[in-house]
2 protein chains.
Amino acid sequence: MSRHTAGGTIASMDSSNTRREATRRKLFEAAVTLIAEQGFSSTTVDEIAERAGVAKGTVYYNFASKNVLFEELLRHGVEMLAASLQNAADEVAERGGSRVDALDAMIHAGLYFISQYPALTQLYVAELWRTNRTWNSTLMMVRERAVSVVADVIRDAVAGGELSEEIDIPLTASALFGMVLVAALDWQSFQPDRSIDDVHAALSRLLQGRVSGRQHAGGAGAEAGAGPS
Amino acid sequence: MSRHTAGGTIASMDSSNTRREATRRKLFEAAVTLIAEQGFSSTTVDEIAERAGVAKGTVYYNFASKNVLFEELLRHGVEMLAASLQNAADEVAERGGSRVDALDAMIHAGLYFISQYPALTQLYVAELWRTNRTWNSTLMMVRERAVSVVADVIRDAVAGGELSEEIDIPLTASALFGMVLVAALDWQSFQPDRSIDDVHAALSRLLQGRVSGRQHAGGAGAEAGAGPS
DNA sequence: CTTTTTGCACTGACTGGTCAGTTCAAGAGG
DNA sequence: CCTCTTGAACTGACCAGTCAGTGCAAAAAG
């Protein structure tokens, strides 16, 4: 009788683990939608289980508590976002584009991400500035993870002389982040028919400074009608 | 058993109920902080009453339900914000400033408002894009009320030739709104020591287009007390 | 090959606690 | 005396977390 052996049974790694992973994924999906719609506290574990098509006990088999489920969800989500932004910046860099072009590409990537995972985004916005919650430190980490990707590119741009040294890097990064976040949520909520390129162009224009004074288009990004790169 | 007829009795409408108004104000204040910290669902009516220093029965004497208390809170708050933004824009107009100057002043007013009522702001952000809530229509109204003040000024600026006709008015208004919102929350949460003028200058700079390309400052706003950084 | 054992993954009824909302008799205050 | 507030007790719904038990596939035993 080899009972439960210490060290988490190697055999179970491939066969059983797959089933479990699938269940966890279903639970993530169910939870993200419900929590985005209703908020954390008014979403019940029963609802999550029902939407995921599993029994309530399964939730507790896979996650220590409702809180833990939520925290893991946050972590998982922000990794996807950060990877997506980083990837957009890297692709531009590989093609020899400027840092400002990279920023523009990140805006596009951010918009795309939000359009793909609107519920996740709503959830971040709703929880990000709350205090007195148990998962507060997780939230801090999550925010830092996302904003720092943007801040890094801005920093490089300043170092390379592309951007003015006067700008406040962390504040600008978070303002940029917020601009995309809120514009995207509004786009999804109130004008869902518009194309991503359309929205992207509007935001680029805002940043090109064409809003507060008429210069003609500079180099970066704002080709307004076309080119879904 | 002549019960209380809990609900908005007509008599209470007009008579200058100083006492009652004071109680309601205390309840608003208590509720806004608690809900911003913990969210609506996990804030209990007992907590609100305790923080306000009144009995639970008083809450229900003054508001039909927890939901109604919250809705009235939202309405009251947005009126203050809209008035504050409108006022900033009007003052600039009276002094003969441009519409772009007015926008800049509104950014400043927005920052100031958020620094005065951080809890209220957190609460809006947390609830604004949620769906499936009973007070959803209230929230829509609230958002519209705030964003339209900004949109109106932008529209005037476009009509007067100050801004390009290419810009997308509603989207730009909400992007601007979001930029200020998120930047301000970050300021309050992570760099509370910075002065409002400092933050304001950073945002103005972002909009002057100095971020994405080096033009020298246009006309509007970025005078600010010389940002260190 | 067949039977038995093992243990992972899952189930769902149940429990103990929490909380919105009610009720009311007894004041406070103006 | 009329409006407003108090405080405490009560109800009934709702919900996070528990636990004894089921199903099943693969390994071990025969």
# chains A, B, ... in the order shown; residues from 1 in each chain; ligands from 1

$ select_by_dssp --residues "range 44-108 of chain B" --states "alpha helix (DSSP H)" --output "number ranges by chain"
B: 45-52, 56-62, 66-94, 99-108

$ closest_atom_pairs --of "chain B" --to "chain D" --cutoff "9 Å" --atoms "only C-alpha atoms (C1' of nucleotides)" --output "Markdown table"
| residue | atom | partner | partner_atom | distance |
| --- | --- | --- | --- | --- |
| B:Arg19 | CA | D:DC4 | C1' | 7.9 |
| B:Arg20 | CA | D:DC4 | C1' | 7.3 |
| B:Val54 | CA | D:DT5 | C1' | 8.1 |
| B:Ala55 | CA | D:DT6 | C1' | 6.1 |
| B:Lys56 | CA | D:DG7 | C1' | 8.3 |
| B:Gly57 | CA | D:DT6 | C1' | 7.5 |
| B:Thr58 | CA | D:DT5 | C1' | 6.3 |
| B:Tyr61 | CA | D:DC4 | C1' | 8.6 |

$ atom_distance --atom1 "CA of Ala52 in chain B" --atom2 "CA of Ala31 in chain B"
8.2 Å

$ calpha_fit_and_write --fixed "chain A" --moving "chain B" --output "compact mmCIF listing (two decimals) with C-alpha atoms, in the first residue's frame"
# COMPACT_ATOMS: atom_id res chain seq x y z
CA MET B 1 -10.22 8.11 7.77
CA SER B 2 -7.51 8.98 5.36
CA ARG B 3 -8.87 12.31 4.40
CA HIS B 4 -8.14 14.05 1.18
CA THR B 5 -5.45 16.38 2.34
CA ALA B 6 -7.16 19.09 0.38
CA GLY B 7 -4.39 21.38 -0.77
CA GLY B 8 -1.67 21.55 -3.33
CA THR B 9 -0.42 18.03 -3.36
CA ILE B 10 3.02 17.71 -4.83
CA ALA B 11 2.10 15.01 -7.28
CA SER B 12 -0.29 17.29 -9.10
CA MET B 13 2.46 19.76 -9.88
CA ASP B 14 4.39 18.11 -12.63
CA SER B 15 2.39 15.22 -14.05
CA SER B 16 0.79 16.56 -17.18
CA ASN B 17 -2.70 16.48 -15.81
CA THR B 18 -4.64 17.22 -18.91
CA ARG B 19 -7.93 16.39 -17.29
CA ARG B 20 -7.27 18.46 -14.24
CA GLU B 21 -5.97 21.39 -16.23
CA ALA B 22 -9.12 21.37 -18.33
CA THR B 23 -11.25 21.47 -15.20
CA ARG B 24 -9.23 24.33 -13.77
CA ARG B 25 -9.59 26.25 -16.99
CA LYS B 26 -13.34 25.77 -16.97
CA LEU B 27 -13.46 26.99 -13.42
CA PHE B 28 -11.36 30.07 -14.24
CA GLU B 29 -13.65 30.93 -17.10
CA ALA B 30 -16.78 30.52 -15.05
CA ALA B 31 -15.36 32.48 -12.14
CA VAL B 32 -14.07 35.39 -14.15
CA THR B 33 -17.41 36.09 -15.77
CA LEU B 34 -19.45 35.72 -12.64
CA ILE B 35 -17.13 37.80 -10.50
CA ALA B 36 -16.91 40.52 -13.11
CA GLU B 37 -20.67 40.70 -13.21
CA GLN B 38 -21.46 40.47 -9.54
CA GLY B 39 -18.29 41.06 -7.61
CA PHE B 40 -16.32 38.59 -5.57
CA SER B 41 -18.42 38.47 -2.44
CA SER B 42 -21.76 38.02 -4.06
CA THR B 43 -20.58 35.24 -6.32
CA THR B 44 -21.11 31.86 -4.70
CA VAL B 45 -19.01 28.79 -5.12
CA ASP B 46 -22.13 26.87 -6.09
CA GLU B 47 -22.71 29.28 -8.95
CA ILE B 48 -19.15 28.93 -10.17
CA ALA B 49 -19.38 25.16 -10.10
CA GLU B 50 -22.69 25.16 -11.89
CA ARG B 51 -21.52 27.52 -14.64
CA ALA B 52 -18.38 25.45 -15.11
CA GLY B 53 -20.46 22.31 -15.28
CA VAL B 54 -18.70 20.54 -12.43
CA ALA B 55 -19.64 19.52 -8.93
CA LYS B 56 -18.94 21.71 -5.97
CA GLY B 57 -16.59 19.13 -4.53
CA THR B 58 -14.45 19.47 -7.63
CA VAL B 59 -13.88 23.14 -6.94
CA TYR B 60 -12.43 22.26 -3.57
CA TYR B 61 -10.47 19.40 -4.98
CA ASN B 62 -8.75 21.81 -7.38
CA PHE B 63 -8.49 24.94 -5.23
CA ALA B 64 -7.96 25.25 -1.54
CA SER B 65 -10.59 27.97 -1.20
CA LYS B 66 -12.62 30.55 -3.06
CA ASN B 67 -9.92 33.09 -2.23
CA VAL B 68 -7.17 30.95 -3.67
CA LEU B 69 -9.15 30.35 -6.83
CA PHE B 70 -9.50 34.09 -7.25
CA GLU B 71 -5.85 34.84 -6.61
CA GLU B 72 -4.68 32.29 -9.12
CA LEU B 73 -7.13 33.76 -11.56
CA LEU B 74 -5.63 37.21 -11.11
CA ARG B 75 -2.10 35.95 -11.58
CA HIS B 76 -2.97 33.96 -14.64
CA GLY B 77 -4.77 36.91 -16.22
CA VAL B 78 -2.05 39.46 -15.69
CA GLU B 79 0.54 37.17 -17.19
CA MET B 80 -1.51 37.03 -20.36
CA LEU B 81 -1.84 40.82 -20.45
CA ALA B 82 1.81 41.52 -19.75
CA ALA B 83 2.89 39.01 -22.38
CA SER B 84 0.57 40.55 -24.90
CA LEU B 85 1.86 44.08 -24.28
CA GLN B 86 5.47 42.98 -24.27
CA ASN B 87 4.94 41.10 -27.48
CA ALA B 88 3.47 44.14 -29.20
CA ALA B 89 6.42 46.26 -28.14
CA ASP B 90 8.94 43.63 -29.24
CA GLU B 91 7.41 43.27 -32.66
CA VAL B 92 7.73 46.97 -33.30
CA ALA B 93 11.31 46.92 -32.11
CA GLU B 94 12.14 44.03 -34.45
CA ARG B 95 10.75 45.94 -37.37
CA GLY B 96 12.99 48.82 -36.39
CA GLY B 97 10.19 51.09 -35.23
CA SER B 98 10.69 53.84 -32.67
CA ARG B 99 9.83 53.54 -29.00
CA VAL B 100 6.95 55.88 -29.53
CA ASP B 101 5.68 53.52 -32.19
CA ALA B 102 6.03 50.74 -29.65
CA LEU B 103 3.90 52.67 -27.19
CA ASP B 104 1.31 53.13 -29.84
CA ALA B 105 1.37 49.43 -30.60
CA MET B 106 0.93 48.69 -26.92
CA ILE B 107 -2.15 50.85 -26.81
CA HIS B 108 -3.52 48.82 -29.66
CA ALA B 109 -2.59 45.58 -27.94
CA GLY B 110 -4.20 46.79 -24.73
CA LEU B 111 -7.41 47.60 -26.53
CA TYR B 112 -7.38 44.24 -28.23
CA PHE B 113 -6.78 42.40 -24.99
CA ILE B 114 -9.63 44.18 -23.29
CA SER B 115 -11.94 43.42 -26.16
CA GLN B 116 -10.99 39.76 -25.86
CA TYR B 117 -11.26 39.53 -22.09
CA PRO B 118 -13.70 42.22 -21.01
CA ALA B 119 -14.74 40.35 -17.89
CA LEU B 120 -11.19 39.99 -16.69
CA THR B 121 -10.63 43.68 -17.23
CA GLN B 122 -13.72 44.71 -15.34
CA LEU B 123 -12.60 42.55 -12.53
CA TYR B 124 -9.16 44.17 -12.32
CA VAL B 125 -10.58 47.65 -12.37
CA ALA B 126 -13.07 46.80 -9.70
CA GLU B 127 -10.52 45.32 -7.34
CA LEU B 128 -7.30 47.12 -8.10
CA TRP B 129 -7.54 50.03 -5.70
CA ARG B 130 -9.32 48.34 -2.87
CA THR B 131 -7.64 48.07 0.47
CA ASN B 132 -8.21 45.75 3.39
CA ARG B 133 -8.65 42.67 1.30
CA THR B 134 -6.85 39.45 1.88
CA TRP B 135 -5.46 39.28 -1.63
CA ASN B 136 -4.12 42.83 -1.55
CA SER B 137 -0.50 41.91 -2.08
CA THR B 138 -1.44 39.81 -5.09
CA LEU B 139 -3.19 42.81 -6.53
CA MET B 140 -0.16 45.03 -6.00
CA MET B 141 2.01 42.55 -7.79
CA VAL B 142 -0.48 42.33 -10.62
CA ARG B 143 -0.65 46.07 -11.11
CA GLU B 144 3.11 46.43 -10.96
CA ARG B 145 3.52 43.68 -13.52
CA ALA B 146 1.28 45.42 -16.04
CA VAL B 147 2.33 49.03 -15.54
CA SER B 148 6.02 48.25 -15.54
CA VAL B 149 5.87 46.92 -19.09
CA VAL B 150 4.66 50.33 -20.17
CA ALA B 151 7.06 52.19 -17.92
CA ASP B 152 10.01 50.26 -19.34
CA VAL B 153 9.26 51.34 -22.87
CA ILE B 154 8.80 54.94 -21.80
CA ARG B 155 12.10 54.80 -19.94
CA ASP B 156 13.87 53.51 -23.03
CA ALA B 157 12.27 56.23 -25.09
CA VAL B 158 13.50 58.90 -22.69
CA ALA B 159 16.97 57.38 -22.60
CA GLY B 160 17.05 57.35 -26.38
CA GLY B 161 16.00 60.97 -26.60
CA GLU B 162 12.66 60.21 -28.18
CA LEU B 163 10.75 61.60 -25.25
CA SER B 164 11.42 64.62 -23.09
CA GLU B 165 13.39 64.01 -19.92
CA GLU B 166 10.90 66.14 -18.10
CA ILE B 167 8.23 63.49 -18.11
CA ASP B 168 7.38 61.58 -15.01
CA ILE B 169 7.80 57.97 -15.99
CA PRO B 170 5.72 56.05 -13.46
CA LEU B 171 2.93 58.58 -13.40
CA THR B 172 2.80 58.82 -17.17
CA ALA B 173 2.76 55.05 -17.46
CA SER B 174 -0.14 54.72 -15.11
CA ALA B 175 -2.02 57.62 -16.69
CA LEU B 176 -1.59 55.98 -20.08
CA PHE B 177 -2.69 52.69 -18.65
CA GLY B 178 -5.76 54.30 -17.12
CA MET B 179 -6.64 56.12 -20.28
CA VAL B 180 -6.69 52.92 -22.29
CA LEU B 181 -8.50 51.02 -19.57
CA VAL B 182 -11.34 53.46 -19.13
CA ALA B 183 -11.68 54.28 -22.80
CA ALA B 184 -11.84 50.60 -23.64
CA LEU B 185 -14.42 49.81 -21.00
CA ASP B 186 -16.52 52.68 -22.24
CA TRP B 187 -16.12 51.48 -25.77
CA GLN B 188 -17.22 47.99 -24.82
CA SER B 189 -20.08 49.16 -22.67
CA PHE B 190 -21.48 52.01 -24.68
CA GLN B 191 -20.29 51.87 -28.27
CA PRO B 192 -19.49 48.22 -28.90
CA ASP B 193 -20.02 48.57 -32.64
CA ARG B 194 -16.99 50.74 -33.23
CA SER B 195 -13.91 49.10 -34.65
CA ILE B 196 -10.77 48.78 -32.62
CA ASP B 197 -8.84 50.88 -35.14
CA ASP B 198 -11.34 53.63 -34.77
CA VAL B 199 -10.93 53.71 -31.00
CA HIS B 200 -7.21 53.39 -31.32
CA ALA B 201 -7.07 56.34 -33.69
CA ALA B 202 -9.03 58.49 -31.27
CA LEU B 203 -6.62 57.72 -28.44
CA SER B 204 -3.56 58.25 -30.61
CA ARG B 205 -4.94 61.58 -31.61
CA LEU B 206 -5.37 62.50 -27.98
CA LEU B 207 -1.73 61.72 -27.35
CA GLN B 208 -0.44 63.36 -30.49
CA GLY B 209 -1.43 66.58 -28.83
CA ARG B 210 -3.87 67.43 -31.53
CA VAL B 211 -6.46 67.77 -28.83
CA SER B 212 -4.91 70.65 -27.05
CA GLY B 213 -3.69 72.70 -29.95
CA ARG B 214 -3.44 72.16 -33.66
CA GLN B 215 -0.19 70.64 -34.72
CA HIS B 216 -0.16 68.33 -37.66
CA ALA B 217 0.40 64.66 -37.03
CA GLY B 218 3.79 63.61 -35.84
CA GLY B 219 5.34 60.30 -36.83
CA ALA B 220 3.54 57.78 -34.76
CA GLY B 221 0.66 55.62 -35.37
CA ALA B 222 -2.48 57.45 -36.21
CA GLU B 223 -2.88 56.00 -39.63
CA ALA B 224 -6.03 54.04 -38.72
CA GLY B 225 -8.80 53.28 -41.13
CA ALA B 226 -9.95 56.82 -41.51
CA GLY B 227 -12.24 57.45 -38.58
CA PRO B 228 -15.66 58.70 -39.52
CA SER B 229 -17.30 59.91 -36.29

$ interface_residues --of "chain C" --to "chain A" --cutoff "10 Å" --atoms "only C-alpha atoms (C1' of nucleotides)" --output "list in words"
DT5, DT6, DG7, DC8, DA9, DC10, DT11 and DG12 of chain C

$ write_last_selection --atoms "C-alpha atoms (C1' of nucleotides)" --output "PDB file, in the first residue's frame"
ATOM      1  C1'  DT C   5      -7.393  -1.957  -4.215  1.00  0.00           C
ATOM      2  C1'  DT C   6      -6.107   2.736  -4.304  1.00  0.00           C
ATOM      3  C1'  DG C   7      -6.785   7.458  -4.309  1.00  0.00           C
ATOM      4  C1'  DC C   8      -7.991  11.512  -7.164  1.00  0.00           C
ATOM      5  C1'  DA C   9     -11.767  14.273  -8.528  1.00  0.00           C
ATOM      6  C1'  DC C  10     -16.100  15.364  -7.631  1.00  0.00           C
ATOM      7  C1'  DT C  11     -20.833  15.591  -5.268  1.00  0.00           C
ATOM      8  C1'  DG C  12     -24.627  17.909  -2.715  1.00  0.00           C
TER       9       DG C  12
END
